[in-house]
2 protein chains.
Amino acid sequence: MGKKLAIIGAGNLGTRVSIELHNQGIEIIQIYSRTITSALTLGKLIGCKYVTNPKEITPEADIYIISVSDLAFNDLLKEVNFNNKLIAHTAGSIPMEELKKYSNNYGVFYPLQTFSKYREVDFSFVPMCIEGNTPENQQILMDLASVISKDVRIISSEQRKQLHLAAVFACNYVNHMYSIASEIVQQKKLPFDILLPLISETASKIFNIPPLEAQTGPAVRNDQNIIAEHLNMLNDNPKLAKIYNILSDSIYEYHKK
Amino acid sequence: MGKKLAIIGAGNLGTRVSIELHNQGIEIIQIYSRTITSALTLGKLIGCKYVTNPKEITPEADIYIISVSDLAFNDLLKEVNFNNKLIAHTAGSIPMEELKKYSNNYGVFYPLQTFSKYREVDFSFVPMCIEGNTPENQQILMDLASVISKDVRIISSEQRKQLHLAAVFACNYVNHMYSIASEIVQQKKLPFDILLPLISETASKIFNIPPLEAQTGPAVRNDQNIIAEHLNMLNDNPKLAKIYNILSDSIYEYHKK
């Protein structure tokens with residue numbers, strides 16, 4: 001699309017988005033990261049310059065993709081003069097208007113996905129949630145998103161915040177359940193991979209069956225014998241027992257409705 | 001393998017296991033279910049007789065697969081005379097020795113998977129957890145399991161109980177997180193399917209990355225701004241807020257270790 005990008009932030013998301021944009025032919029002229037190893041790794045991967053001092057962020061880019069932690073966000077941006085170029089952040093929970101003070105042209109470029117630095121993701125199915133402060137800026141960001149994904153959507157800041165909250169449940173807490181399950185099987189010297197077909201099927205099911213209907217297990221059957229036995233097994237781990245109790249109660253409540 | 005089976009129980013698991021055994025050429029001579037519609041549906045699907053009165057359970061089978069809820073288990077079995085034929089239950093949490101009082105030949109035939117009645121499952125990857133009261137009975141059940149799955153394992157009652165507890169986290173609670181996420185997106189008129197690529201990737205990731213390493217999101221980053229904002233969004237739903245708090249704290253604790 002002929003625009004030059006600079007990437008500000010080389011965390012999990014910044015890294016994967018940059019690599020994908022680069023692979024799809026977008027010109028990235030500079031990476032900024034405050035961490036030298038992150039900057040260097042990503043700079044090498046996509047063959048471009050990197051800086052670790054915000055004062056050295058290039059004025060030459062057409063679009064700045066800002067992918068830094070919400071905590072670092074304002075402290076960093078106030079150090080940079082964007083000369084009213086288009087700036088877009090990639091965060092789930094930051095309202096677009098937060099960018100107003102740093103440029104007259106701004107928007108959001110939020111991929112609804114979980115990223116780890118060294119794991120490739122098929123971007124073509126990743127919902128790209130786009131917002132722009134003007135129709136023109138929105139279109140530029142949609143065009144950029146279309147280079148990497150077939151699923152580009154205009155999503156308001158309000159909706160995006162809601163999606164981010166939903167993603168905490170659908171991804172972060174789900175993954176934490178996997179961590180707990182992994183710990184439980186390993187206590188009896190069983191390999192974690194015995195659970196993989198179950199994990200895979202649980203995720204696949206809801207492509208066809210709404211999750212409320214897909215629910216199985218002792219809590220939805222209200223099988224108090226098994227619930228009591230499981231709680232007994234968790235006797236020496238009050239924190240897990242508490243999670244077990246609350247989630248089993250919650251399943252029961254949802255299905256009483 | 002030339003053995004005649006009777007199936008006792010036509011719930012989700014009994015139904016899917018029966019259909020799969022039947023499809024792989026195993027002769028099923030009778031279905032028992034206390035529910036006429038379940039008995040009739042499954043009986044028709046695999047073209048065999050069904051009964052709803054335990055007194056009418058056939059004495060002609062070589063193996064009885066018992067797949068009834070843990071609550072109904074003993075009440076039902078004490079009504080049946082198995083003539084010391086091989087009986088095997090399919091439950092995660094019932095010790096094998098519970099079957100001792102009903103036959104001299106008994107064992108366990110537990111598929112570690114989530115089943116819904118009308119959803120096909122690829123059994124070839126389902127871990128079949130087998131136990132037998134004698135080496136001969138164990139071998140018969142392993143042979144039967146091998147007809148439907150490439151992953152047949154000898155698993156003790158103690159290990160199986162632990163697997164069942166792990167499965168509650170890896171499947172039941174995971175699915176409940178999907179239900180909650182679905183509710184959250186629908187509040188802002190967003191379609192649930194926007195979350196599917198995220199859900200799919202979250203499950204796929206841990207085939208290559210241990211779940212502890214795969215963890216992402218505000219809790220593992222200890223991003224208190226976002227956590228506070230999410231809790232604020234859940235202000236009118238104290239039950240969800242409680243789940244959010246407990247699981248975020250738990251993620252933080254796991255990663256402090």
# chains A, B, ... in the order shown; residues from 1 in each chain; ligands from 1
>>> closest_atom_pairs(of="chain B", to="chain A", cutoff="6 Å", atoms="only C-alpha atoms", output="JSON lines")
{"residue": "B:Gln113", "atom": "CA", "partner": "A:Leu198", "partner_atom": "CA", "distance": 4.9}
{"residue": "B:Ala166", "atom": "CA", "partner": "A:Ala181", "partner_atom": "CA", "distance": 4.5}
{"residue": "B:Phe169", "atom": "CA", "partner": "A:Met177", "partner_atom": "CA", "distance": 5.3}
{"residue": "B:Ala170", "atom": "CA", "partner": "A:Tyr178", "partner_atom": "CA", "distance": 5.3}
{"residue": "B:Cys171", "atom": "CA", "partner": "A:Thr202", "partner_atom": "CA", "distance": 5.9}
{"residue": "B:Asn172", "atom": "CA", "partner": "A:Gly217", "partner_atom": "CA", "distance": 5.9}
{"residue": "B:Val174", "atom": "CA", "partner": "A:Val174", "partner_atom": "CA", "distance": 5.1}
{"residue": "B:Met177", "atom": "CA", "partner": "A:Phe169", "partner_atom": "CA", "distance": 5.3}
{"residue": "B:Tyr178", "atom": "CA", "partner": "A:Ala170", "partner_atom": "CA", "distance": 5.3}
{"residue": "B:Ser179", "atom": "CA", "partner": "A:Pro211", "partner_atom": "CA", "distance": 5.1}
{"residue": "B:Ala181", "atom": "CA", "partner": "A:Ala166", "partner_atom": "CA", "distance": 4.4}
{"residue": "B:Ile184", "atom": "CA", "partner": "A:Ala166", "partner_atom": "CA", "distance": 5.7}
{"residue": "B:Leu198", "atom": "CA", "partner": "A:Gln113", "partner_atom": "CA", "distance": 4.9}
{"residue": "B:Thr202", "atom": "CA", "partner": "A:Cys171", "partner_atom": "CA", "distance": 5.9}
{"residue": "B:Pro211", "atom": "CA", "partner": "A:Ser179", "partner_atom": "CA", "distance": 5.1}
{"residue": "B:Leu212", "atom": "CA", "partner": "A:Ser179", "partner_atom": "CA", "distance": 5.7}
{"residue": "B:Gly217", "atom": "CA", "partner": "A:Asn172", "partner_atom": "CA", "distance": 5.9}
>>> residues_around(residues="region 34-43 of chain A", least_positions_apart="2", cutoff="10 Å", atoms="only C-alpha atoms", output="list in words")
Ile8, Gly9, Ala10, Gly11, Asn12, Gly14, Thr15, Arg16, Ser18, Ile19, Ile28, Ile29, Gln30, Ile31, Tyr32, Leu45, Ile46, Gly47, Cys48, Lys49, Tyr50, Val51, Thr52, Asn53, Pro54, Val68, Leu76 and Lys117 of chain A
>>> select_by_dssp(residues="region 47-185 of chain A", states="alpha helix (DSSP H)", output="mmCIF file with all heavy atoms, in the first residue's frame")
data_model
loop_
_atom_site.group_PDB
_atom_site.id
_atom_site.type_symbol
_atom_site.label_atom_id
_atom_site.label_comp_id
_atom_site.auth_asym_id
_atom_site.auth_seq_id
_atom_site.Cartn_x
_atom_site.Cartn_y
_atom_site.Cartn_z
ATOM 1 N N PHE A 73 2.235 3.452 28.243
ATOM 2 C CA PHE A 73 1.633 4.152 27.119
ATOM 3 C C PHE A 73 1.852 5.677 27.130
ATOM 4 O O PHE A 73 2.548 6.231 26.262
ATOM 5 C CB PHE A 73 0.137 3.826 27.121
ATOM 6 C CG PHE A 73 -0.576 4.154 25.850
ATOM 7 C CD1 PHE A 73 -0.475 3.322 24.744
ATOM 8 C CD2 PHE A 73 -1.376 5.283 25.757
ATOM 9 C CE1 PHE A 73 -1.148 3.615 23.565
ATOM 10 C CE2 PHE A 73 -2.055 5.584 24.586
ATOM 11 C CZ PHE A 73 -1.931 4.745 23.497
ATOM 12 N N ASN A 74 1.297 6.352 28.115
ATOM 13 C CA ASN A 74 1.366 7.812 28.115
ATOM 14 C C ASN A 74 2.767 8.344 28.393
ATOM 15 O O ASN A 74 3.203 9.314 27.766
ATOM 16 C CB ASN A 74 0.346 8.394 29.101
ATOM 17 C CG ASN A 74 -1.074 8.316 28.534
ATOM 18 O OD1 ASN A 74 -1.345 8.814 27.450
ATOM 19 N ND2 ASN A 74 -1.963 7.653 29.258
ATOM 20 N N ASP A 75 3.467 7.672 29.301
ATOM 21 C CA ASP A 75 4.838 8.112 29.614
ATOM 22 C C ASP A 75 5.710 8.104 28.366
ATOM 23 O O ASP A 75 6.538 9.000 28.175
ATOM 24 C CB ASP A 75 5.466 7.180 30.664
ATOM 25 C CG ASP A 75 4.902 7.467 32.048
ATOM 26 O OD1 ASP A 75 4.254 8.525 32.209
ATOM 27 O OD2 ASP A 75 5.094 6.630 32.944
ATOM 28 N N LEU A 76 5.501 7.100 27.534
ATOM 29 C CA LEU A 76 6.310 7.015 26.325
ATOM 30 C C LEU A 76 5.877 8.051 25.282
ATOM 31 O O LEU A 76 6.703 8.788 24.740
ATOM 32 C CB LEU A 76 6.204 5.604 25.731
ATOM 33 C CG LEU A 76 6.865 5.430 24.364
ATOM 34 C CD1 LEU A 76 8.381 5.555 24.471
ATOM 35 C CD2 LEU A 76 6.489 4.093 23.748
ATOM 36 N N LEU A 77 4.560 8.086 25.022
ATOM 37 C CA LEU A 77 4.090 8.895 23.890
ATOM 38 C C LEU A 77 4.354 10.387 24.064
ATOM 39 O O LEU A 77 4.599 11.097 23.094
ATOM 40 C CB LEU A 77 2.604 8.636 23.626
ATOM 41 C CG LEU A 77 2.274 7.209 23.163
ATOM 42 C CD1 LEU A 77 0.854 7.135 22.631
ATOM 43 C CD2 LEU A 77 3.249 6.702 22.097
ATOM 44 N N PRO A 135 -13.022 9.340 8.716
ATOM 45 C CA PRO A 135 -13.254 8.260 7.753
ATOM 46 C C PRO A 135 -11.982 7.917 6.970
ATOM 47 O O PRO A 135 -11.716 6.752 6.697
ATOM 48 C CB PRO A 135 -14.337 8.841 6.830
ATOM 49 C CG PRO A 135 -15.050 9.845 7.661
ATOM 50 C CD PRO A 135 -14.013 10.435 8.571
ATOM 51 N N GLU A 136 -11.174 8.934 6.641
ATOM 52 C CA GLU A 136 -9.944 8.678 5.879
ATOM 53 C C GLU A 136 -8.960 7.827 6.686
ATOM 54 O O GLU A 136 -8.406 6.855 6.178
ATOM 55 C CB GLU A 136 -9.258 10.011 5.489
ATOM 56 C CG GLU A 136 -10.044 10.866 4.499
ATOM 57 C CD GLU A 136 -11.252 11.566 5.122
ATOM 58 O OE1 GLU A 136 -11.293 11.742 6.370
ATOM 59 O OE2 GLU A 136 -12.182 11.928 4.373
ATOM 60 N N ASN A 137 -8.738 8.224 7.922
ATOM 61 C CA ASN A 137 -7.795 7.453 8.752
ATOM 62 C C ASN A 137 -8.317 6.034 8.992
ATOM 63 O O ASN A 137 -7.552 5.072 8.983
ATOM 64 C CB ASN A 137 -7.560 8.170 10.084
ATOM 65 C CG ASN A 137 -6.710 9.420 9.900
ATOM 66 O OD1 ASN A 137 -5.878 9.476 8.988
ATOM 67 N ND2 ASN A 137 -6.924 10.429 10.737
ATOM 68 N N GLN A 138 -9.630 5.918 9.174
ATOM 69 C CA GLN A 138 -10.225 4.591 9.372
ATOM 70 C C GLN A 138 -9.977 3.722 8.133
ATOM 71 O O GLN A 138 -9.624 2.550 8.242
ATOM 72 C CB GLN A 138 -11.723 4.738 9.644
ATOM 73 C CG GLN A 138 -12.374 3.475 10.118
ATOM 74 C CD GLN A 138 -13.647 3.786 10.895
ATOM 75 O OE1 GLN A 138 -13.610 4.148 12.072
ATOM 76 N NE2 GLN A 138 -14.760 3.679 10.237
ATOM 77 N N GLN A 139 -10.131 4.333 6.958
ATOM 78 C CA GLN A 139 -9.933 3.571 5.724
ATOM 79 C C GLN A 139 -8.477 3.141 5.553
ATOM 80 O O GLN A 139 -8.203 2.006 5.157
ATOM 81 C CB GLN A 139 -10.392 4.405 4.513
ATOM 82 C CG GLN A 139 -10.487 3.593 3.229
ATOM 83 C CD GLN A 139 -11.466 2.420 3.358
ATOM 84 O OE1 GLN A 139 -12.611 2.592 3.781
ATOM 85 N NE2 GLN A 139 -11.004 1.213 3.042
ATOM 86 N N ILE A 140 -7.558 4.025 5.888
ATOM 87 C CA ILE A 140 -6.130 3.666 5.784
ATOM 88 C C ILE A 140 -5.820 2.468 6.682
ATOM 89 O O ILE A 140 -5.156 1.511 6.270
ATOM 90 C CB ILE A 140 -5.228 4.873 6.168
ATOM 91 C CG1 ILE A 140 -5.380 5.991 5.126
ATOM 92 C CG2 ILE A 140 -3.764 4.447 6.295
ATOM 93 C CD1 ILE A 140 -4.705 7.308 5.534
ATOM 94 N N LEU A 141 -6.364 2.499 7.902
ATOM 95 C CA LEU A 141 -6.093 1.394 8.839
ATOM 96 C C LEU A 141 -6.800 0.113 8.396
ATOM 97 O O LEU A 141 -6.270 -0.989 8.556
ATOM 98 C CB LEU A 141 -6.494 1.791 10.259
ATOM 99 C CG LEU A 141 -5.620 2.910 10.860
ATOM 100 C CD1 LEU A 141 -6.189 3.387 12.194
ATOM 101 C CD2 LEU A 141 -4.165 2.438 11.042
ATOM 102 N N MET A 142 -7.992 0.257 7.809
ATOM 103 C CA MET A 142 -8.678 -0.934 7.287
ATOM 104 C C MET A 142 -7.905 -1.536 6.123
ATOM 105 O O MET A 142 -7.772 -2.753 6.017
ATOM 106 C CB MET A 142 -10.101 -0.585 6.858
ATOM 107 C CG MET A 142 -11.008 -0.376 8.072
ATOM 108 S SD MET A 142 -12.698 0.023 7.597
ATOM 109 C CE MET A 142 -13.252 -1.566 6.999
ATOM 110 N N ASP A 143 -7.383 -0.688 5.275
ATOM 111 C CA ASP A 143 -6.573 -1.186 4.155
ATOM 112 C C ASP A 143 -5.335 -1.923 4.671
ATOM 113 O O ASP A 143 -4.976 -2.985 4.161
ATOM 114 C CB ASP A 143 -6.150 -0.026 3.240
ATOM 115 C CG ASP A 143 -7.341 0.561 2.474
ATOM 116 O OD1 ASP A 143 -8.415 -0.087 2.464
ATOM 117 O OD2 ASP A 143 -7.201 1.669 1.915
ATOM 118 N N LEU A 144 -4.709 -1.340 5.680
ATOM 119 C CA LEU A 144 -3.519 -1.987 6.254
ATOM 120 C C LEU A 144 -3.896 -3.337 6.870
ATOM 121 O O LEU A 144 -3.214 -4.347 6.656
ATOM 122 C CB LEU A 144 -2.893 -1.064 7.316
ATOM 123 C CG LEU A 144 -1.583 -1.550 7.940
ATOM 124 C CD1 LEU A 144 -0.468 -1.629 6.897
ATOM 125 C CD2 LEU A 144 -1.142 -0.639 9.097
ATOM 126 N N ALA A 145 -5.002 -3.366 7.600
ATOM 127 C CA ALA A 145 -5.442 -4.615 8.232
ATOM 128 C C ALA A 145 -5.787 -5.674 7.182
ATOM 129 O O ALA A 145 -5.520 -6.868 7.370
ATOM 130 C CB ALA A 145 -6.648 -4.342 9.135
ATOM 131 N N SER A 146 -6.350 -5.225 6.050
ATOM 132 C CA SER A 146 -6.752 -6.168 4.999
ATOM 133 C C SER A 146 -5.556 -6.869 4.362
ATOM 134 O O SER A 146 -5.700 -7.921 3.761
ATOM 135 C CB SER A 146 -7.523 -5.434 3.890
ATOM 136 O OG SER A 146 -8.652 -4.801 4.435
ATOM 137 N N VAL A 147 -4.393 -6.263 4.506
ATOM 138 C CA VAL A 147 -3.182 -6.892 3.967
ATOM 139 C C VAL A 147 -2.873 -8.180 4.731
ATOM 140 O O VAL A 147 -2.339 -9.137 4.168
ATOM 141 C CB VAL A 147 -1.992 -5.901 4.053
ATOM 142 C CG1 VAL A 147 -0.683 -6.582 3.709
ATOM 143 C CG2 VAL A 147 -2.239 -4.695 3.158
ATOM 144 N N ILE A 148 -3.234 -8.231 6.020
ATOM 145 C CA ILE A 148 -2.887 -9.421 6.811
ATOM 146 C C ILE A 148 -4.091 -10.291 7.162
ATOM 147 O O ILE A 148 -3.925 -11.459 7.482
ATOM 148 C CB ILE A 148 -2.102 -9.052 8.100
ATOM 149 C CG1 ILE A 148 -2.873 -8.047 8.990
ATOM 150 C CG2 ILE A 148 -0.734 -8.479 7.758
ATOM 151 C CD1 ILE A 148 -2.187 -7.764 10.324
ATOM 152 N N SER A 157 -14.629 1.934 20.455
ATOM 153 C CA SER A 157 -13.817 1.769 21.674
ATOM 154 C C SER A 157 -14.601 1.028 22.763
ATOM 155 O O SER A 157 -14.058 0.177 23.478
ATOM 156 C CB SER A 157 -13.361 3.132 22.191
ATOM 157 O OG SER A 157 -12.360 3.668 21.360
ATOM 158 N N GLU A 158 -15.876 1.369 22.858
ATOM 159 C CA GLU A 158 -16.763 0.723 23.833
ATOM 160 C C GLU A 158 -16.880 -0.792 23.577
ATOM 161 O O GLU A 158 -16.757 -1.602 24.488
ATOM 162 C CB GLU A 158 -18.151 1.387 23.686
ATOM 163 C CG GLU A 158 -19.207 0.921 24.644
ATOM 164 C CD GLU A 158 -19.027 1.490 26.040
ATOM 165 O OE1 GLU A 158 -18.246 2.447 26.195
ATOM 166 O OE2 GLU A 158 -19.658 0.955 26.975
ATOM 167 N N GLN A 159 -17.089 -1.136 22.309
ATOM 168 C CA GLN A 159 -17.188 -2.566 21.966
ATOM 169 C C GLN A 159 -15.851 -3.282 22.170
ATOM 170 O O GLN A 159 -15.802 -4.417 22.632
ATOM 171 C CB GLN A 159 -17.598 -2.720 20.501
ATOM 172 C CG GLN A 159 -19.049 -2.379 20.207
ATOM 173 C CD GLN A 159 -19.334 -2.476 18.712
ATOM 174 O OE1 GLN A 159 -18.562 -1.984 17.888
ATOM 175 N NE2 GLN A 159 -20.443 -3.103 18.362
ATOM 176 N N ARG A 160 -14.779 -2.591 21.800
ATOM 177 C CA ARG A 160 -13.447 -3.205 21.913
ATOM 178 C C ARG A 160 -13.117 -3.523 23.364
ATOM 179 O O ARG A 160 -12.595 -4.588 23.680
ATOM 180 C CB ARG A 160 -12.403 -2.268 21.305
ATOM 181 C CG ARG A 160 -10.988 -2.806 21.331
ATOM 182 C CD ARG A 160 -10.063 -2.039 20.386
ATOM 183 N NE ARG A 160 -10.407 -0.632 20.331
ATOM 184 C CZ ARG A 160 -9.984 0.281 21.206
ATOM 185 N NH1 ARG A 160 -9.176 -0.073 22.191
ATOM 186 N NH2 ARG A 160 -10.350 1.528 21.097
ATOM 187 N N LYS A 161 -13.482 -2.611 24.260
ATOM 188 C CA LYS A 161 -13.258 -2.830 25.693
ATOM 189 C C LYS A 161 -14.022 -4.076 26.157
ATOM 190 O O LYS A 161 -13.526 -4.884 26.945
ATOM 191 C CB LYS A 161 -13.732 -1.585 26.450
ATOM 192 C CG LYS A 161 -13.167 -1.430 27.818
ATOM 193 C CD LYS A 161 -13.496 -0.054 28.403
ATOM 194 C CE LYS A 161 -14.976 0.071 28.739
ATOM 195 N NZ LYS A 161 -15.283 1.264 29.566
ATOM 196 N N GLN A 162 -15.231 -4.210 25.635
ATOM 197 C CA GLN A 162 -16.053 -5.374 25.991
ATOM 198 C C GLN A 162 -15.432 -6.661 25.427
ATOM 199 O O GLN A 162 -15.392 -7.694 26.100
ATOM 200 C CB GLN A 162 -17.471 -5.177 25.414
ATOM 201 C CG GLN A 162 -18.506 -6.130 25.960
ATOM 202 C CD GLN A 162 -19.067 -5.680 27.288
ATOM 203 O OE1 GLN A 162 -18.689 -4.644 27.839
ATOM 204 N NE2 GLN A 162 -19.979 -6.473 27.826
ATOM 205 N N LEU A 163 -14.944 -6.583 24.193
ATOM 206 C CA LEU A 163 -14.279 -7.741 23.592
ATOM 207 C C LEU A 163 -13.052 -8.143 24.408
ATOM 208 O O LEU A 163 -12.774 -9.328 24.589
ATOM 209 C CB LEU A 163 -13.804 -7.414 22.170
ATOM 210 C CG LEU A 163 -14.835 -7.493 21.061
ATOM 211 C CD1 LEU A 163 -14.188 -7.066 19.747
ATOM 212 C CD2 LEU A 163 -15.388 -8.912 20.937
ATOM 213 N N HIS A 164 -12.317 -7.147 24.864
ATOM 214 C CA HIS A 164 -11.111 -7.428 25.640
ATOM 215 C C HIS A 164 -11.463 -8.159 26.937
ATOM 216 O O HIS A 164 -10.800 -9.127 27.332
ATOM 217 C CB HIS A 164 -10.367 -6.116 25.934
ATOM 218 C CG HIS A 164 -8.969 -6.314 26.429
ATOM 219 N ND1 HIS A 164 -8.333 -5.430 27.249
ATOM 220 C CD2 HIS A 164 -8.084 -7.315 26.222
ATOM 221 C CE1 HIS A 164 -7.118 -5.876 27.522
ATOM 222 N NE2 HIS A 164 -6.948 -7.007 26.910
ATOM 223 N N LEU A 165 -12.541 -7.715 27.581
ATOM 224 C CA LEU A 165 -12.998 -8.396 28.801
ATOM 225 C C LEU A 165 -13.415 -9.830 28.475
ATOM 226 O O LEU A 165 -13.052 -10.778 29.192
ATOM 227 C CB LEU A 165 -14.168 -7.618 29.417
ATOM 228 C CG LEU A 165 -14.832 -8.243 30.651
ATOM 229 C CD1 LEU A 165 -13.836 -8.399 31.810
ATOM 230 C CD2 LEU A 165 -16.031 -7.409 31.113
ATOM 231 N N ALA A 166 -14.154 -10.003 27.394
ATOM 232 C CA ALA A 166 -14.569 -11.362 26.995
ATOM 233 C C ALA A 166 -13.347 -12.228 26.703
ATOM 234 O O ALA A 166 -13.318 -13.417 27.047
ATOM 235 C CB ALA A 166 -15.475 -11.298 25.763
ATOM 236 N N ALA A 167 -12.331 -11.629 26.094
ATOM 237 C CA ALA A 167 -11.118 -12.381 25.746
ATOM 238 C C ALA A 167 -10.360 -12.849 26.987
ATOM 239 O O ALA A 167 -9.716 -13.894 26.969
ATOM 240 C CB ALA A 167 -10.209 -11.529 24.861
ATOM 241 N N VAL A 174 -9.100 -19.467 30.334
ATOM 242 C CA VAL A 174 -9.066 -20.808 29.738
ATOM 243 C C VAL A 174 -7.651 -21.381 29.838
ATOM 244 O O VAL A 174 -7.455 -22.507 30.297
ATOM 245 C CB VAL A 174 -9.544 -20.760 28.268
ATOM 246 C CG1 VAL A 174 -9.106 -22.003 27.497
ATOM 247 C CG2 VAL A 174 -11.065 -20.600 28.216
ATOM 248 N N ASN A 175 -6.673 -20.593 29.444
ATOM 249 C CA ASN A 175 -5.297 -21.082 29.516
ATOM 250 C C ASN A 175 -4.895 -21.387 30.962
ATOM 251 O O ASN A 175 -4.178 -22.352 31.228
ATOM 252 C CB ASN A 175 -4.333 -20.070 28.899
ATOM 253 C CG ASN A 175 -2.920 -20.621 28.844
ATOM 254 O OD1 ASN A 175 -2.614 -21.468 28.001
ATOM 255 N ND2 ASN A 175 -2.073 -20.198 29.760
ATOM 256 N N HIS A 176 -5.381 -20.586 31.889
ATOM 257 C CA HIS A 176 -5.073 -20.850 33.297
ATOM 258 C C HIS A 176 -5.695 -22.181 33.754
ATOM 259 O O HIS A 176 -5.081 -22.917 34.531
ATOM 260 C CB HIS A 176 -5.555 -19.687 34.168
ATOM 261 C CG HIS A 176 -5.111 -19.809 35.593
ATOM 262 N ND1 HIS A 176 -3.800 -20.011 35.963
ATOM 263 C CD2 HIS A 176 -5.817 -19.780 36.761
ATOM 264 C CE1 HIS A 176 -3.719 -20.090 37.279
ATOM 265 N NE2 HIS A 176 -4.926 -19.962 37.791
ATOM 266 N N MET A 177 -6.882 -22.493 33.249
ATOM 267 C CA MET A 177 -7.491 -23.806 33.538
ATOM 268 C C MET A 177 -6.587 -24.929 33.015
ATOM 269 O O MET A 177 -6.441 -25.963 33.651
ATOM 270 C CB MET A 177 -8.882 -23.926 32.899
ATOM 271 C CG MET A 177 -9.933 -22.966 33.449
ATOM 272 S SD MET A 177 -10.241 -23.175 35.216
ATOM 273 C CE MET A 177 -9.838 -21.532 35.792
ATOM 274 N N TYR A 178 -5.985 -24.709 31.845
ATOM 275 C CA TYR A 178 -5.037 -25.708 31.325
ATOM 276 C C TYR A 178 -3.841 -25.859 32.275
ATOM 277 O O TYR A 178 -3.361 -26.967 32.512
ATOM 278 C CB TYR A 178 -4.502 -25.309 29.941
ATOM 279 C CG TYR A 178 -5.521 -25.134 28.830
ATOM 280 C CD1 TYR A 178 -5.238 -24.300 27.741
ATOM 281 C CD2 TYR A 178 -6.748 -25.795 28.825
ATOM 282 C CE1 TYR A 178 -6.130 -24.125 26.692
ATOM 283 C CE2 TYR A 178 -7.652 -25.621 27.783
ATOM 284 C CZ TYR A 178 -7.344 -24.785 26.721
ATOM 285 O OH TYR A 178 -8.223 -24.613 25.682
ATOM 286 N N SER A 179 -3.361 -24.731 32.800
ATOM 287 C CA SER A 179 -2.214 -24.788 33.730
ATOM 288 C C SER A 179 -2.570 -25.593 34.980
ATOM 289 O O SER A 179 -1.782 -26.412 35.453
ATOM 290 C CB SER A 179 -1.783 -23.382 34.166
ATOM 291 O OG SER A 179 -1.310 -22.625 33.078
ATOM 292 N N ILE A 180 -3.768 -25.341 35.494
ATOM 293 C CA ILE A 180 -4.198 -26.058 36.699
ATOM 294 C C ILE A 180 -4.345 -27.552 36.388
ATOM 295 O O ILE A 180 -3.880 -28.409 37.143
ATOM 296 C CB ILE A 180 -5.527 -25.476 37.237
ATOM 297 C CG1 ILE A 180 -5.299 -24.046 37.765
ATOM 298 C CG2 ILE A 180 -6.112 -26.370 38.329
ATOM 299 C CD1 ILE A 180 -6.585 -23.303 38.151
ATOM 300 N N ALA A 181 -4.969 -27.864 35.262
ATOM 301 C CA ALA A 181 -5.154 -29.267 34.882
ATOM 302 C C ALA A 181 -3.802 -29.961 34.718
ATOM 303 O O ALA A 181 -3.620 -31.108 35.130
ATOM 304 C CB ALA A 181 -5.962 -29.360 33.589
ATOM 305 N N SER A 182 -2.858 -29.246 34.150
ATOM 306 C CA SER A 182 -1.509 -29.781 33.962
ATOM 307 C C SER A 182 -0.877 -30.128 35.314
ATOM 308 O O SER A 182 -0.280 -31.199 35.497
ATOM 309 C CB SER A 182 -0.677 -28.732 33.217
ATOM 310 O OG SER A 182 0.684 -29.051 33.256
ATOM 311 N N GLU A 183 -1.036 -29.226 36.261
ATOM 312 C CA GLU A 183 -0.506 -29.463 37.609
ATOM 313 C C GLU A 183 -1.173 -30.698 38.247
ATOM 314 O O GLU A 183 -0.509 -31.526 38.869
ATOM 315 C CB GLU A 183 -0.789 -28.207 38.452
ATOM 316 C CG GLU A 183 -0.100 -28.173 39.776
ATOM 317 C CD GLU A 183 -0.544 -26.956 40.605
ATOM 318 O OE1 GLU A 183 -1.699 -26.474 40.460
ATOM 319 O OE2 GLU A 183 0.266 -26.482 41.413
ATOM 320 N N ILE A 184 -2.474 -30.818 38.057
ATOM 321 C CA ILE A 184 -3.213 -31.926 38.675
ATOM 322 C C ILE A 184 -2.770 -33.277 38.107
ATOM 323 O O ILE A 184 -2.531 -34.223 38.849
ATOM 324 C CB ILE A 184 -4.736 -31.724 38.498
ATOM 325 C CG1 ILE A 184 -5.211 -30.536 39.362
ATOM 326 C CG2 ILE A 184 -5.516 -32.987 38.871
ATOM 327 C CD1 ILE A 184 -6.659 -30.119 39.119
ATOM 328 N N VAL A 185 -2.640 -33.385 36.800
ATOM 329 C CA VAL A 185 -2.233 -34.697 36.247
ATOM 330 C C VAL A 185 -0.800 -35.035 36.637
ATOM 331 O O VAL A 185 -0.484 -36.201 36.911
ATOM 332 C CB VAL A 185 -2.413 -34.820 34.706
ATOM 333 C CG1 VAL A 185 -3.879 -34.776 34.322
ATOM 334 C CG2 VAL A 185 -1.609 -33.799 33.930
#
>>> closest_residue(among="B:Lys100, B:Lys3, B:Lys150, B:Lys55", to="Ala88 (chain B)", atoms="only C-alpha atoms")
B:Lys100
>>> residues_around(residues="Asn81 (chain A)", least_positions_apart="5", cutoff="9 Å", atoms="only C-alpha atoms", output="CSV table (one decimal) with C-alpha atoms, in the first residue's frame")
chain,number,residue,atom,x,y,z
A,55,LYS,CA,13.9,10.6,21.2
A,57,ILE,CA,11.9,7.5,16.9
A,59,PRO,CA,9.9,11.3,11.9
A,102,TYR,CA,-0.3,13.1,20.5
A,103,SER,CA,-1.6,13.7,16.9
>>> select_by_dssp(residues="region 24-226 of chain A", states="strand (DSSP E)", output="PyMOL selection string")
chain A and resi 27-32+49-51+63-66+86-89+105-111+128-132+152-154
>>> closest_residue(among="A:Ser156, A:Ser149, A:Thr58, A:Asn232", to="Leu21 (chain A)", atoms="only C-alpha atoms")
A:Ser149
